[in-house]
Amino acid sequence: MPELPEVETICNAIKHNIDSPKIDEFQIINNKLRWKINKNIPSKVNGQTIKKIYRRAKYIVFEFHNGSLIIHLGMTGKFRKIQGTYTSIKHDHFLIKMADDNIFVYNDVRKFGSIHWASDISDHFLMKNIGVEPLTDDFNNLYLKNKTTKSRMKIKNLIMDQKIIAGVGNIYASEALFLSKIRPTKIAYRLSKSMCEHLVRSIKTVLKKAVKYGGTSIKDYKTLDGNSGYFTQKLLVYGLDKCRCGEKIRNVKISGRSSFYCPKCQK
DNA sequence: CTGAGATCCTGTCTGC
DNA sequence: TGCAGACAGGATCTCA
């Protein structure tokens, strides 16, 4: 899926593509997503004004006075903006027609995405166990050291755990570990204090940079206008054959996910 | 409690 | 060209 930078990019794109924040009509096209789309959503949001659009972890949140829409893009979820008449294409799931005549259509090939209505978002099951936002001060050396000290997980799994850090996925986990010179297979509690500090810095650096470049496009990710992100060209290990040091990059499976690292640069 | 594996679904690519 | 199998950026659930 889109990870933090991609969701942030899409969130910003939606914000900037809304002239009037009032929703005319929410329409369910195909309710089969990760969780069936609740039939009551239209009655909650039709005619309502969006107070705020923001990202939390990998979720896009539309906030209203009476509650929030929580959207996850799964692996292949994307929005496209159209104007005028809606023409359906394969794998469309729902659309949000704004009063300003813009229509945002959600399309998801693999159906791993989701949309929920929550009257109280802090209480929602998808939200209440989410960990710290990595780009805030809450994510710091002390926080990561506390988490790693008592964990026997492989460090890559730990930083991808949404209950611990919100928004880091498979690509940026590999990239951050490369910057930190730590192997993805290293057991969390074996990280030294300075390794933890380096990792905190690296996660922040890589995410910020990816946001700046509009995200990464490996396969399915597209921003609102159909463009791919430019961070793809900035990747240092993910999906690459050769490290900049000349060494061949290894691709190992960790909990079933491809994990790239340079055996020479990462210890 | 922890951590690993199966699972949801479709499209694309590789190899025979 | 056909077809089987592997694989894809997520995260929840089940089980040991």
# chains A, B, ... in the order shown; residues from 1 in each chain; ligands from 1
>>> residues_around(residues="range 13-16 of chain C", least_positions_apart="6", cutoff="12 Å", atoms="only C-alpha atoms (C1' of nucleotides)", output="list of chain:residue names")
B:DT2, B:DG3, B:DA4, B:DG5, B:DA6, B:DT7, B:DC8
>>> residues_around(residues="Lys212 in chain A", least_positions_apart="4", cutoff="10 Å", atoms="only C-alpha atoms (C1' of nucleotides)", output="ChimeraX atom specification")
/A:5,9,206-208,229-231
>>> interface_residues(of="chain A", to="chain C", cutoff="12 Å", atoms="only C-alpha atoms (C1' of nucleotides)", output="PyMOL selection string")
chain A and resi 1-7+34-35+58-59+72-77+109-114+125-126+130+160-163+167-174+215-222+232+238-239+253+256-259
